Amino acid sequence: MHRSPLGRAVGTTTLTFGLALTATSAVSADEIPAEQMAAMQEAFGLSEAGVTDLLDAQDEAAELEAELREELGSDFGGAVFDTDTHELTVQVTEARALGDVRRAGAVPDLVSHGEDVLADGVAALDEADAPATVHGWYADPELDTVVIEVDEGAAEDAEALAAEAGLDAVTVQESADRPRTYTDIVGGNPYYFQDAGSWYVCSIGFGVVGGYVTAGHCGDEGSDTWNDVPGTAQIGTVAGSVFPKSDMAWVEITSPDFTATPLVNDYDGGAVTVTGSAEAPVGAAVCRSGRTTGWQCGVIEAKDQTVRYPRGQHVHGLTRTTACAEGGDSGGSWLAGTEAQGVTSGGSGDCTSGGTTYFQPINPILERWNLTLLTG
């Protein structure tokens, strides 16, 4: 997704005025696994130095967003990062905050609604009775509107839904691609579980103390997980699972043969060591790892999206991205640099034609079950 606001770029130097932000330590190309580096270079058309500069800039932008969110309070309206210019645009709902944003080194943008109002709109839609033609909805901070996605030719259904929810700021997008979860019936690789007598495969998300996190549609609570089919070696048991509404689960390791680590497979013979779970801003570059399509990269388009999957399951609070994924990638890891972002839920399209993929953010998973992310 291309974003081009005008103004100061968030770079890697220390800002010395306003809400000054000290730059994070620079990312070295040697710290990025070769497969991840190659995927980011292909996705964004960058050199190795360009990739490290991008990761440095968006780490700093995430810190600056957090500072301004706290400093501005109710005047804070959202934020969007630009992977091309490395600029962070911060929306504000009051003109008095424009100067504070500018002095902090971000691009100010005065908006009519802001993220709190848009979040209320998303929540209202979550309680509404959406027809089958509706794919989902999300708040777009750059457009300052709630976007409702529907089948082609079904705009009137979206407008009726918006009216039912009492929304003013609405944009309707029509698409022939419907979201789906990424689960395949297969016979080999990552971790497996049974449902109604059939074997399914998903991808491990991130190691936590005592186990790992993954997607909720990748196994009901109490079900067993295995390293192969037909159940050759049990890894653990799903200790908690929520799907629909959310798409989160965690597996408690019950076998002494398996040990959780802070690593993510880079599909090039190595691994990325996870260092934390700081949330990247809208517009930031992210990469995902999954058993079917390996490393794929894109940008965050929106947060807190509600998606309606084919069986009518609504999932709230997902993050929307331009990276692709396919069956079997569900539950897999999403990273911004080395910071954990979430686990794959589903999407539309594929890695041949491209598509949209959604992930369940990691921090709500950790909070729900009081889990500790493993870091190195």
# chains A, B, ... in the order shown; residues from 1 in each chain; ligands from 1
$ residues_around --residues "Asn227 in chain A" --least-positions-apart "6" --cutoff "12 Å" --atoms "only C-alpha atoms" --output "PyMOL selection string"
chain A and resi 187-193+199-204+233-236+253+255+257-258
$ residues_around --residues "Asp126 in chain A" --least-positions-apart "3" --cutoff "9 Å" --atoms "only C-alpha atoms" --output "list of chain:residue names"
A:Gly121, A:Val122, A:Ala123, A:Asp129, A:Ala130, A:Trp137, A:Ala165, A:Thr306, A:His314, A:His316
$ write_last_selection --atoms "all heavy atoms" --output "short mmCIF file (atom, residue, chain, number, x, y, z; two decimals), in the first residue's frame"
data_model
loop_
_atom_site.label_atom_id
_atom_site.label_comp_id
_atom_site.auth_asym_id
_atom_site.auth_seq_id
_atom_site.Cartn_x
_atom_site.Cartn_y
_atom_site.Cartn_z
N GLY A 121 -17.52 2.89 15.95
CA GLY A 121 -18.25 2.46 14.76
C GLY A 121 -18.05 0.99 14.47
O GLY A 121 -19.00 0.27 14.13
N VAL A 122 -16.79 0.53 14.59
CA VAL A 122 -16.50 -0.90 14.39
C VAL A 122 -17.26 -1.73 15.43
O VAL A 122 -17.84 -2.78 15.11
CB VAL A 122 -14.99 -1.15 14.48
CG1 VAL A 122 -14.69 -2.65 14.56
CG2 VAL A 122 -14.27 -0.56 13.26
N ALA A 123 -17.27 -1.27 16.68
CA ALA A 123 -17.96 -1.99 17.74
C ALA A 123 -19.47 -2.07 17.46
O ALA A 123 -20.11 -3.09 17.72
CB ALA A 123 -17.71 -1.33 19.09
N ASP A 129 -26.49 -7.17 12.67
CA ASP A 129 -26.76 -8.43 11.97
C ASP A 129 -26.33 -8.27 10.51
O ASP A 129 -27.11 -7.83 9.66
CB ASP A 129 -28.24 -8.78 12.07
CG ASP A 129 -28.57 -10.14 11.47
OD1 ASP A 129 -27.62 -10.92 11.26
OD2 ASP A 129 -29.75 -10.41 11.20
N ALA A 130 -25.10 -8.66 10.21
CA ALA A 130 -24.55 -8.46 8.87
C ALA A 130 -25.05 -9.54 7.91
O ALA A 130 -25.06 -10.72 8.26
CB ALA A 130 -23.03 -8.48 8.91
N TRP A 137 -15.31 -5.49 8.13
CA TRP A 137 -15.19 -4.03 8.26
C TRP A 137 -13.98 -3.69 9.12
O TRP A 137 -13.50 -4.51 9.90
CB TRP A 137 -16.46 -3.43 8.86
CG TRP A 137 -16.99 -4.18 10.07
CD1 TRP A 137 -16.63 -4.03 11.37
CD2 TRP A 137 -17.99 -5.21 10.05
NE1 TRP A 137 -17.32 -4.90 12.18
CE2 TRP A 137 -18.18 -5.63 11.40
CE3 TRP A 137 -18.74 -5.81 9.04
CZ2 TRP A 137 -19.07 -6.62 11.75
CZ3 TRP A 137 -19.65 -6.81 9.40
CH2 TRP A 137 -19.80 -7.20 10.74
N ALA A 165 -26.27 0.45 12.16
CA ALA A 165 -25.30 0.69 13.24
C ALA A 165 -25.18 2.17 13.59
O ALA A 165 -24.45 2.52 14.52
CB ALA A 165 -23.93 0.14 12.83
N THR A 306 -12.89 -6.30 11.47
CA THR A 306 -13.79 -7.45 11.63
C THR A 306 -13.90 -8.15 10.29
O THR A 306 -14.11 -7.50 9.26
CB THR A 306 -15.18 -7.01 12.11
OG1 THR A 306 -15.06 -6.48 13.43
CG2 THR A 306 -16.14 -8.19 12.13
N HIS A 314 -17.80 -14.45 12.56
CA HIS A 314 -17.23 -13.11 12.62
C HIS A 314 -16.01 -13.13 13.55
O HIS A 314 -16.07 -13.67 14.65
CB HIS A 314 -18.24 -12.10 13.17
CG HIS A 314 -19.36 -11.79 12.22
ND1 HIS A 314 -20.36 -12.68 11.94
CD2 HIS A 314 -19.62 -10.67 11.48
CE1 HIS A 314 -21.21 -12.13 11.08
NE2 HIS A 314 -20.78 -10.93 10.78
N HIS A 316 -13.24 -10.45 15.22
CA HIS A 316 -13.00 -9.03 15.47
C HIS A 316 -11.53 -8.79 15.83
O HIS A 316 -10.82 -9.69 16.27
CB HIS A 316 -13.88 -8.54 16.61
CG HIS A 316 -15.31 -8.94 16.51
ND1 HIS A 316 -16.08 -8.68 15.39
CD2 HIS A 316 -16.13 -9.61 17.37
CE1 HIS A 316 -17.30 -9.14 15.57
NE2 HIS A 316 -17.36 -9.72 16.76
#
$ select_by_dssp --residues "range 92-316 of chain A" --states "alpha helix (DSSP H)" --output "count of residues only"
31
$ residues_around --residues "Asp151 in chain A" --least-positions-apart "2" --cutoff "8 Å" --atoms "only C-alpha atoms" --output "PDB file with C-alpha atoms, in the first residue's frame"
ATOM      1  CA  THR A 133     -22.757 -10.428   1.237  1.00  0.00           C
ATOM      2  CA  VAL A 134     -20.641  -8.515   3.760  1.00  0.00           C
ATOM      3  CA  HIS A 135     -16.999  -9.663   4.077  1.00  0.00           C
ATOM      4  CA  GLU A 149     -16.226  -4.696   2.420  1.00  0.00           C
ATOM      5  CA  GLY A 153     -22.875  -5.268  -6.546  1.00  0.00           C
ATOM      6  CA  ALA A 154     -23.827  -5.410  -2.852  1.00  0.00           C
ATOM      7  CA  ALA A 155     -23.067  -1.817  -1.859  1.00  0.00           C
ATOM      8  CA  GLU A 174     -16.727  -4.077  -3.316  1.00  0.00           C
ATOM      9  CA  SER A 175     -14.634  -7.176  -3.979  1.00  0.00           C
ATOM     10  CA  ALA A 176     -15.071 -10.588  -5.598  1.00  0.00           C
ATOM     11  CA  ASP A 177     -12.534 -12.119  -3.178  1.00  0.00           C
ATOM     12  CA  ARG A 178     -14.025 -13.496   0.027  1.00  0.00           C
TER      13      ARG A 178
END
$ residues_around --residues "Leu98 in chain A" --least-positions-apart "6" --cutoff "8 Å" --atoms "only C-alpha atoms" --output "PyMOL selection string"
chain A and resi 92+108-110
$ closest_atom_pairs --of "range 112-176 of chain A" --to "range 65-79 of chain A" --cutoff "10 Å" --atoms "only C-alpha atoms" --output "Markdown table"
| residue | atom | partner | partner_atom | distance |
| --- | --- | --- | --- | --- |
| A:Ser112 | CA | A:Gly77 | CA | 9.0 |
| A:His113 | CA | A:Gly77 | CA | 7.4 |
| A:Gly114 | CA | A:Gly77 | CA | 3.9 |
| A:Glu115 | CA | A:Gly77 | CA | 5.0 |
| A:Asp116 | CA | A:Gly77 | CA | 7.1 |
| A:Val117 | CA | A:Gly77 | CA | 8.8 |
| A:Leu118 | CA | A:Gly77 | CA | 9.4 |
| A:Asp140 | CA | A:Gly78 | CA | 9.2 |
| A:Pro141 | CA | A:Gly78 | CA | 5.7 |
| A:Glu142 | CA | A:Ala79 | CA | 7.7 |
| A:Asp144 | CA | A:Gly77 | CA | 8.8 |
$ write_last_selection --atoms "C-alpha atoms" --output "mmCIF file, in the first residue's frame"
data_model
loop_
_atom_site.group_PDB
_atom_site.id
_atom_site.type_symbol
_atom_site.label_atom_id
_atom_site.label_comp_id
_atom_site.auth_asym_id
_atom_site.auth_seq_id
_atom_site.Cartn_x
_atom_site.Cartn_y
_atom_site.Cartn_z
ATOM 1 C CA SER A 112 -12.999 14.931 11.980
ATOM 2 C CA HIS A 113 -13.424 11.592 13.743
ATOM 3 C CA GLY A 114 -10.228 9.889 14.918
ATOM 4 C CA GLU A 115 -9.571 6.337 16.065
ATOM 5 C CA ASP A 116 -11.825 6.397 19.143
ATOM 6 C CA VAL A 117 -14.891 7.360 17.101
ATOM 7 C CA LEU A 118 -13.968 4.863 14.388
ATOM 8 C CA ASP A 140 -8.959 3.236 8.235
ATOM 9 C CA PRO A 141 -7.092 6.008 10.110
ATOM 10 C CA GLU A 142 -5.730 7.573 6.922
ATOM 11 C CA ASP A 144 -10.732 8.715 8.810
#
$ residues_around --residues "Met248 in chain A" --least-positions-apart "2" --cutoff "7 Å" --atoms "only C-alpha atoms" --output "JSON, numbers by chain"
{"A": [214, 215, 216, 241, 242, 243, 246, 360, 365]}
$ write_last_selection --atoms "N, CA, C and O atoms" --output "short mmCIF file (atom, residue, chain, number, x, y, z; two decimals), in the first residue's frame"
data_model
loop_
_atom_site.label_atom_id
_atom_site.label_comp_id
_atom_site.auth_asym_id
_atom_site.auth_seq_id
_atom_site.Cartn_x
_atom_site.Cartn_y
_atom_site.Cartn_z
N THR A 214 -1.06 -19.93 18.57
CA THR A 214 -1.45 -20.18 17.20
C THR A 214 -2.86 -19.61 16.99
O THR A 214 -3.35 -18.85 17.83
N ALA A 215 -3.49 -19.97 15.89
CA ALA A 215 -4.84 -19.47 15.59
C ALA A 215 -5.89 -20.34 16.29
O ALA A 215 -5.72 -21.55 16.44
N GLY A 216 -7.01 -19.71 16.66
CA GLY A 216 -8.07 -20.43 17.34
C GLY A 216 -8.79 -21.45 16.47
O GLY A 216 -9.30 -22.45 16.97
N SER A 241 -8.66 -21.86 23.45
CA SER A 241 -8.94 -21.57 22.05
C SER A 241 -10.20 -20.72 21.95
O SER A 241 -11.21 -21.03 22.60
N VAL A 242 -10.13 -19.66 21.14
CA VAL A 242 -11.28 -18.80 20.89
C VAL A 242 -11.44 -18.61 19.39
O VAL A 242 -10.56 -18.06 18.73
N PHE A 243 -12.56 -19.07 18.86
CA PHE A 243 -12.92 -18.86 17.45
C PHE A 243 -14.38 -19.27 17.30
O PHE A 243 -14.76 -20.36 17.73
N SER A 246 -12.77 -13.99 18.22
CA SER A 246 -11.32 -13.83 18.08
C SER A 246 -10.81 -15.05 17.34
O SER A 246 -11.57 -15.98 17.06
N GLN A 360 -4.22 -12.22 13.78
CA GLN A 360 -4.67 -11.96 15.14
C GLN A 360 -3.48 -11.39 15.91
O GLN A 360 -2.45 -12.04 16.01
N ILE A 365 -3.47 -12.18 22.79
CA ILE A 365 -3.35 -13.61 23.11
C ILE A 365 -2.60 -13.79 24.41
O ILE A 365 -3.01 -14.56 25.30
#
$ residues_around --residues "Gly342 in chain A" --least-positions-apart "6" --cutoff "9 Å" --atoms "only C-alpha atoms" --output "mmCIF file with C-alpha atoms, in the first residue's frame"
data_model
loop_
_atom_site.group_PDB
_atom_site.id
_atom_site.type_symbol
_atom_site.label_atom_id
_atom_site.label_comp_id
_atom_site.auth_asym_id
_atom_site.auth_seq_id
_atom_site.Cartn_x
_atom_site.Cartn_y
_atom_site.Cartn_z
ATOM 1 C CA GLY A 205 3.017 -18.991 15.869
ATOM 2 C CA PHE A 206 5.405 -18.104 18.698
ATOM 3 C CA THR A 214 -1.452 -20.175 17.195
ATOM 4 C CA SER A 277 6.112 -7.812 20.876
ATOM 5 C CA THR A 319 -4.872 -6.649 11.504
ATOM 6 C CA GLY A 331 -1.458 -19.797 12.962
ATOM 7 C CA GLY A 332 1.956 -18.815 11.586
ATOM 8 C CA SER A 333 4.200 -16.014 12.793
ATOM 9 C CA TRP A 334 4.065 -12.326 11.864
ATOM 10 C CA LEU A 335 7.110 -10.136 12.536
ATOM 11 C CA PHE A 359 -3.516 -11.706 11.547
ATOM 12 C CA GLN A 360 -4.672 -11.963 15.139
ATOM 13 C CA PRO A 361 -2.444 -9.581 17.163
ATOM 14 C CA ILE A 362 -0.116 -11.317 19.606
ATOM 15 C CA ASN A 363 -0.492 -9.144 22.705
ATOM 16 C CA ILE A 365 -3.350 -13.611 23.107
#
$ atom_distance --atom1 "CA of Glu339 in chain A" --atom2 "CA of Gly276 in chain A"
4.9 Å
$ select_by_dssp --residues "range 103-308 of chain A" --states "strand (DSSP E or B)" --output "PyMOL selection string"
chain A and resi 107-110+134-140+145-150+170-174+180-181+184+191-195+198-202+206-208+211-214+224-226+234-242+245+248-253+263-265+271-273+276+282+285-290+294-308
$ atom_distance --atom1 "CA of His86 in chain A" --atom2 "CA of Asp120 in chain A"
29.5 Å
$ closest_residue --among "A:Leu46, A:Ala323, A:Leu374, A:Val172" --to "Thr261 in chain A" --atoms "only C-alpha atoms"
A:Leu374
$ closest_residue --among "A:Gly210, A:Gly105, A:Gly166, A:Gly136" --to "Gly347 in chain A" --atoms "only C-alpha atoms"
A:Gly136
$ residues_around --residues "Thr356 in chain A" --least-positions-apart "6" --cutoff "10 Å" --atoms "only C-alpha atoms" --output "tab-separated table (two decimals) with C-alpha atoms, in the first residue's frame"
chain	number	residue	atom	x	y	z
A	177	ASP	CA	-12.53	-12.12	-3.18
A	178	ARG	CA	-14.02	-13.50	0.03
A	179	PRO	CA	-11.85	-14.08	3.13
A	298	GLY	CA	3.78	-6.67	2.92
A	301	GLU	CA	-3.18	-1.60	5.97
A	320	ARG	CA	-5.16	-6.29	7.71
A	321	THR	CA	-2.04	-6.65	5.52
A	322	THR	CA	-0.97	-6.80	1.88
A	323	ALA	CA	1.14	-9.96	2.39
A	324	CYS	CA	-0.16	-13.18	0.84
A	325	ALA	CA	-0.79	-16.57	2.46
A	346	GLY	CA	-7.09	-15.96	7.05
A	347	GLY	CA	-7.54	-13.84	3.97
A	348	SER	CA	-8.32	-13.77	0.28
A	349	GLY	CA	-6.21	-14.42	-2.82
A	350	ASP	CA	-3.01	-16.47	-2.85
$ closest_residue --among "A:Cys297, A:Ala29, A:Val80, A:Ala340" --to "Ala61 in chain A" --atoms "only C-alpha atoms"
A:Val80
